[in-house]
Each structure stands twice: as structure tokens, then as C-alpha cells.
$ cat model15.txt   # compact mmCIF, C-alpha atoms
# COMPACT_ATOMS: atom_id res chain seq x y z
CA MET A 1 36.70 24.87 -24.88
CA PRO A 2 34.36 21.86 -25.19
CA ARG A 3 30.93 22.10 -23.68
CA LEU A 4 30.15 19.77 -20.85
CA TRP A 5 26.60 18.55 -20.74
CA LEU A 6 25.04 17.30 -17.59
CA ASN A 7 22.60 14.53 -18.28
CA LEU A 8 19.93 14.42 -15.65
CA ILE A 9 18.02 11.22 -15.31
CA VAL A 10 14.73 11.83 -13.59
CA HIS A 11 13.04 8.82 -12.05
CA TYR A 12 9.33 9.36 -11.73
CA LYS A 13 7.02 7.17 -9.69
CA GLN A 14 4.84 4.91 -11.77
CA PRO A 15 1.11 5.59 -11.59
CA ARG A 16 0.65 1.88 -10.88
CA SER A 17 0.46 0.60 -7.34
CA ILE A 18 -0.73 -2.16 -5.04
CA GLN A 19 -2.70 -2.40 -1.84
CA VAL A 20 -2.48 -5.49 0.35
CA VAL A 21 -5.13 -6.15 2.98
CA ILE A 22 -3.45 -8.36 5.59
CA PHE A 23 -5.75 -10.34 7.85
CA ALA A 24 -5.55 -13.02 10.54
CA ASN A 25 -8.19 -15.54 11.53
CA SER A 26 -8.57 -16.65 15.11
CA ASN A 27 -11.17 -18.62 17.05
CA ARG A 28 -13.08 -15.46 17.84
CA GLU A 29 -13.00 -13.41 14.63
CA ARG A 30 -10.93 -12.16 11.73
CA SER A 31 -8.71 -9.16 12.41
CA TYR A 32 -7.17 -6.77 9.88
CA LEU A 33 -3.79 -5.08 10.03
CA LEU A 34 -3.84 -1.30 9.71
CA LEU A 35 -0.83 1.01 9.55
CA ARG A 36 -0.89 4.67 10.58
CA ARG A 37 0.96 7.05 8.27
CA LEU A 38 3.24 9.61 9.87
CA ALA A 39 1.51 12.91 10.65
CA SER A 40 3.72 14.58 8.02
CA HIS A 41 2.22 12.16 5.46
CA GLY A 42 -1.41 12.57 6.53
CA GLY A 43 -1.64 10.66 9.80
CA PHE A 44 -4.37 8.35 8.45
CA TRP A 45 -4.84 4.60 8.85
CA GLN A 46 -4.44 2.35 5.82
CA SER A 47 -3.47 -1.09 4.54
CA VAL A 48 -0.07 -1.82 3.03
CA THR A 49 0.30 0.25 -0.15
CA GLY A 50 3.05 1.12 -2.57
CA SER A 51 4.04 1.91 -6.13
CA LEU A 52 5.55 -0.54 -8.57
CA GLU A 53 9.26 -0.04 -9.23
CA GLY A 54 11.04 -0.72 -12.50
CA GLU A 55 9.63 -3.76 -14.27
CA GLU A 56 7.97 -5.24 -11.17
CA THR A 57 4.73 -7.14 -11.42
CA HIS A 58 1.93 -6.24 -9.03
CA ARG A 59 2.58 -9.41 -7.04
CA HIS A 60 6.32 -8.77 -6.77
CA ALA A 61 5.65 -5.19 -5.61
CA ALA A 62 3.16 -6.51 -3.04
CA VAL A 63 5.69 -8.94 -1.57
CA ARG A 64 8.32 -6.18 -1.40
CA GLU A 65 5.96 -3.63 0.16
CA VAL A 66 4.63 -6.07 2.78
CA LEU A 67 8.19 -6.80 3.89
CA GLU A 68 9.26 -3.12 3.84
CA GLU A 69 6.21 -1.81 5.69
CA THR A 70 5.58 -4.61 8.19
CA GLY A 71 8.59 -6.92 8.35
CA ILE A 72 6.31 -9.82 7.34
CA GLY A 73 7.85 -12.13 4.77
CA ALA A 74 5.43 -13.15 2.04
CA ARG A 75 5.47 -15.22 -1.12
CA GLU A 76 3.62 -14.33 -4.30
CA GLU A 77 1.54 -17.52 -4.10
CA GLU A 78 0.18 -16.41 -0.70
CA LEU A 79 -1.45 -13.34 -2.24
CA ILE A 80 -5.18 -13.48 -2.92
CA GLU A 81 -6.76 -11.54 -5.79
CA LEU A 82 -9.51 -9.34 -4.37
CA GLY A 83 -11.01 -8.43 -7.75
CA VAL A 84 -10.71 -4.73 -6.92
CA THR A 85 -8.73 -2.19 -8.92
CA ASN A 86 -8.98 1.39 -7.69
CA THR A 87 -8.36 4.32 -10.02
CA PHE A 88 -8.00 7.62 -8.24
CA GLU A 89 -6.69 11.12 -8.71
CA ILE A 90 -3.20 11.69 -7.36
CA ALA A 91 -3.33 14.45 -4.74
CA PRO A 92 -1.81 17.68 -6.12
CA GLN A 93 0.88 17.79 -3.42
CA TRP A 94 2.24 14.40 -4.63
CA ARG A 95 2.05 14.96 -8.42
CA GLU A 96 5.62 16.25 -8.71
CA ARG A 97 6.74 12.67 -8.04
CA TYR A 98 5.09 11.55 -11.29
CA ALA A 99 5.84 12.40 -14.91
CA PRO A 100 4.35 15.67 -16.18
CA GLY A 101 0.69 15.26 -17.06
CA VAL A 102 0.10 12.18 -14.90
CA THR A 103 -2.94 12.83 -12.71
CA HIS A 104 -4.36 9.39 -11.87
CA ASN A 105 -3.08 6.16 -10.33
CA GLU A 106 -4.26 2.58 -10.82
CA GLU A 107 -4.08 0.40 -7.69
CA VAL A 108 -4.50 -3.39 -7.78
CA CYS A 109 -5.77 -4.82 -4.48
CA LEU A 110 -4.68 -8.11 -2.99
CA GLY A 111 -5.27 -9.91 0.29
CA MET A 112 -3.01 -12.06 2.44
CA GLU A 113 -3.71 -14.23 5.46
CA VAL A 114 -1.11 -14.39 8.22
CA PHE A 115 -0.95 -15.25 11.91
CA GLU A 116 -1.59 -12.19 14.06
CA SER A 117 1.74 -11.00 15.41
CA ASP A 118 3.79 -7.97 16.27
CA VAL A 119 4.71 -5.89 13.26
CA ARG A 120 7.85 -3.89 12.52
CA VAL A 121 6.56 -0.72 10.85
CA ASP A 122 8.79 1.28 8.53
CA PRO A 123 9.48 4.46 10.56
CA ILE A 124 9.93 6.47 7.36
CA GLU A 125 6.25 5.93 6.48
CA HIS A 126 4.32 4.76 9.56
CA ASP A 127 4.34 5.27 13.31
CA ALA A 128 1.85 2.67 14.56
CA TYR A 129 -0.05 -0.48 13.67
CA ALA A 130 -3.21 -2.12 14.94
CA TRP A 131 -5.03 -5.41 14.46
CA GLU A 132 -8.73 -4.54 14.30
CA SER A 133 -12.11 -6.14 13.70
CA TYR A 134 -13.79 -5.45 10.37
CA ASP A 135 -16.19 -2.84 11.77
CA ARG A 136 -13.50 -1.03 13.72
CA ALA A 137 -11.08 -1.12 10.77
CA MET A 138 -13.73 0.20 8.40
CA GLY A 139 -14.34 3.10 10.80
CA MET A 140 -10.63 3.90 11.06
CA LEU A 141 -9.83 3.91 7.34
CA TYR A 142 -9.73 7.30 5.66
CA TRP A 143 -9.59 6.52 1.94
CA ASP A 144 -12.53 4.98 0.06
CA SER A 145 -10.01 2.88 -1.91
CA ASN A 146 -8.92 1.22 1.35
CA LYS A 147 -12.53 0.66 2.36
CA ARG A 148 -13.35 -1.03 -0.97
CA ALA A 149 -10.38 -3.41 -0.60
CA LEU A 150 -11.25 -4.18 3.03
CA ALA A 151 -14.86 -4.97 2.05
CA ALA A 152 -13.59 -7.36 -0.65
CA ALA A 153 -11.16 -9.03 1.78
CA ARG A 154 -14.02 -9.65 4.20
CA LEU A 155 -15.57 -11.98 1.61
CA ILE A 156 -12.53 -14.30 1.46
CA GLU A 157 -13.47 -17.72 2.83
$ encode --input "model15.txt" --output "C-alpha cells"
Amino acid sequence: MPRLWLNLIVHYKQPRSIQVVIFANSNRERSYLLLRRLASHGGFWQSVTGSLEGEETHRHAAVREVLEETGIGAREEELIELGVTNTFEIAPQWRERYAPGVTHNEEVCLGMEVFESDVRVDPIEHDAYAWESYDRAMGMLYWDSNKRALAAARLIE
């Protein structure tokens, strides 16, 4: 009897990601869009984030993630380089999503200006959004990587 082999293809997350700080300018002040992760995923406030898929560039991943997480359509040319790349340790509870031995992630940070509007959050990842001033947003953010990107976005003219 011939042996049947089951070929399992395991798709690991890439340890390469993006963060997009979305902001809106008005007559009074600049506001920043924050998304709140579901309680089951930490319940913290953050910017748009996500891992690259397949052969995506950072900019292509950013456009995809902005649409998926907020419903905002973006074009690659609208993205602004923030000059910030965060390297951080992947939390142990998430490491099984990555190839064996992968412990750190590299995150390229971008900015994007939009008109302040209602946002359609992805209910699989987030349960709320808020447009906040710089000081309030900085106080709400949990991760230092988000704070570094927000500080860089504040400098955009």
C-alpha cells in the first residue's frame, strides 16, 4: 500500500511591519487618530499597525492596513516617511505566529494626513477610535514605539 504524505504549508507572519500615524489639521489644532485594540488583544490605544504580507512593500502594506483598520482609502504617494524604524521584541504570547527562532520585529513608521471623519474600525482587531490632540494622544498610547512615531509625526509641517 503506498504511503500518503500530507504536506503542511505553514505560513508564518513576517517580522516586518508598518505603523501609520494618521492625522488631521483643522483651524484649531492637529488631531491624531487612535484605535483601541479589543480587550482580548490588550485593550490599548495605538496607531494603525500591521505586518507585511507576501512580497508587499512597506508602503503597500500601509495602504492595505489603513483601509482594513479604518475604512480610509489611501494612496502610496500620500504616505509621509517619518524617519523612524522601531525594532522591538515580539511578546512571547505572539511568537508562535512567527518562524521558530524569530524574536524581534522591525516596524517602519509612516504618517498620513486626512480630513477628520468617522472611521470604520475592523471589529476583529479594534472596538473604538478617537481623534485626539497630541498631548492627549501621547498620554493614551501604551507602547513606546507608538509614542516615538507620534512624536515624529508632530514635526510634519
$ residues_near_point --input "model15.txt" --point "(-1.5, -1.8, 6.9)" --cutoff "10 Å" --atoms "all atoms listed in the file" --output "JSON, numbers by chain"
{"A": [19, 20, 21, 22, 23, 32, 33, 34, 35, 36, 37, 45, 46, 47, 48, 49, 66, 69, 70, 119, 121, 126, 128, 129, 130, 131, 146]}
$ residues_around --input "model15.txt" --residues "Ala149 of chain A" --least-positions-apart "2" --cutoff "8 Å" --atoms "all atoms listed in the file" --output "list of chain:residue names"
A:Gln19, A:Val21, A:Leu82, A:Val84, A:Cys109, A:Leu110, A:Ser145, A:Asn146, A:Lys147, A:Ala151, A:Ala152, A:Ala153
$ closest_residue --input "model15.txt" --among "A:Gly71, A:Pro92, A:Gly83, A:Gly42" --to "His104 of chain A" --atoms "all atoms listed in the file"
A:Pro92
$ closest_residue --input "model15.txt" --among "A:Ile18, A:Met140, A:Leu38, A:Met112" --to "Ala74 of chain A" --atoms "only C-alpha atoms"
A:Met112
$ atom_distance --input "model15.txt" --atom1 "atom CA of Arg148 of chain A" --atom2 "atom CA of Asn86 of chain A"
8.4 Å
$ residues_around --input "model15.txt" --residues "Ala91 of chain A" --least-positions-apart "2" --cutoff "12 Å" --atoms "all atoms listed in the file" --output "PyMOL selection string"
chain A and resi 41-42+88-89+93-98+102-105
$ residues_around --input "model15.txt" --residues "Glu132 of chain A" --least-positions-apart "4" --cutoff "6 Å" --atoms "only C-alpha atoms" --output "JSON, numbers by chain"
{"A": [31, 32, 136, 137]}
$ atom_distance --input "model15.txt" --atom1 "atom CA of Leu67 of chain A" --atom2 "atom CA of Glu55 of chain A"
18.5 Å
$ atom_distance --input "model15.txt" --atom1 "atom CA of Thr87 of chain A" --atom2 "atom CA of Arg64 of chain A"
21.5 Å
$ build_atoms --input "model15.txt" --residues "segment 111-137 of chain A" --atoms "N, CA and C atoms" --output "PDB file, keeping the file's coordinate frame"
ATOM      1  N   GLY A 111      -5.139  -9.554  -1.118  1.00  0.00           N
ATOM      2  CA  GLY A 111      -5.270  -9.910   0.290  1.00  0.00           C
ATOM      3  C   GLY A 111      -4.192 -10.910   0.661  1.00  0.00           C
ATOM      4  N   MET A 112      -3.981 -11.083   1.964  1.00  0.00           N
ATOM      5  CA  MET A 112      -3.010 -12.060   2.440  1.00  0.00           C
ATOM      6  C   MET A 112      -3.338 -12.445   3.871  1.00  0.00           C
ATOM      7  N   GLU A 113      -3.439 -13.741   4.103  1.00  0.00           N
ATOM      8  CA  GLU A 113      -3.710 -14.230   5.460  1.00  0.00           C
ATOM      9  C   GLU A 113      -2.401 -14.556   6.159  1.00  0.00           C
ATOM     10  N   VAL A 114      -2.284 -14.124   7.401  1.00  0.00           N
ATOM     11  CA  VAL A 114      -1.110 -14.390   8.220  1.00  0.00           C
ATOM     12  C   VAL A 114      -1.580 -14.750   9.628  1.00  0.00           C
ATOM     13  N   PHE A 115      -0.648 -15.109  10.488  1.00  0.00           N
ATOM     14  CA  PHE A 115      -0.950 -15.250  11.910  1.00  0.00           C
ATOM     15  C   PHE A 115      -0.769 -13.875  12.535  1.00  0.00           C
ATOM     16  N   GLU A 116      -1.704 -13.496  13.407  1.00  0.00           N
ATOM     17  CA  GLU A 116      -1.590 -12.190  14.060  1.00  0.00           C
ATOM     18  C   GLU A 116      -0.315 -12.158  14.890  1.00  0.00           C
ATOM     19  N   SER A 117       0.468 -11.109  14.708  1.00  0.00           N
ATOM     20  CA  SER A 117       1.740 -11.000  15.410  1.00  0.00           C
ATOM     21  C   SER A 117       2.141  -9.535  15.515  1.00  0.00           C
ATOM     22  N   ASP A 118       3.234  -9.326  16.233  1.00  0.00           N
ATOM     23  CA  ASP A 118       3.790  -7.970  16.270  1.00  0.00           C
ATOM     24  C   ASP A 118       4.322  -7.641  14.886  1.00  0.00           C
ATOM     25  N   VAL A 119       4.308  -6.364  14.576  1.00  0.00           N
ATOM     26  CA  VAL A 119       4.710  -5.890  13.260  1.00  0.00           C
ATOM     27  C   VAL A 119       5.814  -4.852  13.426  1.00  0.00           C
ATOM     28  N   ARG A 120       6.770  -4.877  12.529  1.00  0.00           N
ATOM     29  CA  ARG A 120       7.850  -3.890  12.520  1.00  0.00           C
ATOM     30  C   ARG A 120       7.512  -2.862  11.434  1.00  0.00           C
ATOM     31  N   VAL A 121       6.932  -1.735  11.840  1.00  0.00           N
ATOM     32  CA  VAL A 121       6.560  -0.720  10.850  1.00  0.00           C
ATOM     33  C   VAL A 121       7.799   0.019  10.355  1.00  0.00           C
ATOM     34  N   ASP A 122       7.717   0.484   9.124  1.00  0.00           N
ATOM     35  CA  ASP A 122       8.790   1.280   8.530  1.00  0.00           C
ATOM     36  C   ASP A 122       8.670   2.695   9.079  1.00  0.00           C
ATOM     37  N   PRO A 123       9.606   3.149   9.918  1.00  0.00           N
ATOM     38  CA  PRO A 123       9.480   4.460  10.560  1.00  0.00           C
ATOM     39  C   PRO A 123       9.550   5.642   9.594  1.00  0.00           C
ATOM     40  N   ILE A 124       9.920   5.399   8.355  1.00  0.00           N
ATOM     41  CA  ILE A 124       9.930   6.470   7.360  1.00  0.00           C
ATOM     42  C   ILE A 124       8.512   6.768   6.878  1.00  0.00           C
ATOM     43  N   GLU A 125       7.615   5.764   6.989  1.00  0.00           N
ATOM     44  CA  GLU A 125       6.250   5.930   6.480  1.00  0.00           C
ATOM     45  C   GLU A 125       5.174   5.870   7.560  1.00  0.00           C
ATOM     46  N   HIS A 126       5.382   5.021   8.585  1.00  0.00           N
ATOM     47  CA  HIS A 126       4.320   4.760   9.560  1.00  0.00           C
ATOM     48  C   HIS A 126       4.850   4.887  10.987  1.00  0.00           C
ATOM     49  N   ASP A 127       3.925   5.168  11.917  1.00  0.00           N
ATOM     50  CA  ASP A 127       4.340   5.270  13.310  1.00  0.00           C
ATOM     51  C   ASP A 127       3.578   4.335  14.246  1.00  0.00           C
ATOM     52  N   ALA A 128       2.614   3.574  13.711  1.00  0.00           N
ATOM     53  CA  ALA A 128       1.850   2.670  14.560  1.00  0.00           C
ATOM     54  C   ALA A 128       1.154   1.617  13.689  1.00  0.00           C
ATOM     55  N   TYR A 129       0.761   0.534  14.337  1.00  0.00           N
ATOM     56  CA  TYR A 129      -0.050  -0.480  13.670  1.00  0.00           C
ATOM     57  C   TYR A 129      -1.117  -0.946  14.642  1.00  0.00           C
ATOM     58  N   ALA A 130      -2.153  -1.574  14.097  1.00  0.00           N
ATOM     59  CA  ALA A 130      -3.210  -2.120  14.940  1.00  0.00           C
ATOM     60  C   ALA A 130      -3.868  -3.290  14.210  1.00  0.00           C
ATOM     61  N   TRP A 131      -4.213  -4.321  14.968  1.00  0.00           N
ATOM     62  CA  TRP A 131      -5.030  -5.410  14.460  1.00  0.00           C
ATOM     63  C   TRP A 131      -6.452  -5.116  14.913  1.00  0.00           C
ATOM     64  N   GLU A 132      -7.372  -4.972  13.967  1.00  0.00           N
ATOM     65  CA  GLU A 132      -8.730  -4.540  14.300  1.00  0.00           C
ATOM     66  C   GLU A 132      -9.781  -5.432  13.665  1.00  0.00           C
ATOM     67  N   SER A 133     -10.966  -5.446  14.288  1.00  0.00           N
ATOM     68  CA  SER A 133     -12.110  -6.140  13.700  1.00  0.00           C
ATOM     69  C   SER A 133     -12.523  -5.421  12.418  1.00  0.00           C
ATOM     70  N   TYR A 134     -13.351  -6.072  11.632  1.00  0.00           N
ATOM     71  CA  TYR A 134     -13.790  -5.450  10.370  1.00  0.00           C
ATOM     72  C   TYR A 134     -14.478  -4.114  10.628  1.00  0.00           C
ATOM     73  N   ASP A 135     -15.446  -4.083  11.529  1.00  0.00           N
ATOM     74  CA  ASP A 135     -16.190  -2.840  11.770  1.00  0.00           C
ATOM     75  C   ASP A 135     -15.285  -1.729  12.272  1.00  0.00           C
ATOM     76  N   ARG A 136     -14.410  -2.055  13.195  1.00  0.00           N
ATOM     77  CA  ARG A 136     -13.500  -1.030  13.720  1.00  0.00           C
ATOM     78  C   ARG A 136     -12.533  -0.558  12.634  1.00  0.00           C
ATOM     79  N   ALA A 137     -11.993  -1.490  11.853  1.00  0.00           N
ATOM     80  CA  ALA A 137     -11.080  -1.120  10.770  1.00  0.00           C
ATOM     81  C   ALA A 137     -11.779  -0.236   9.746  1.00  0.00           C
TER      82      ALA A 137
END
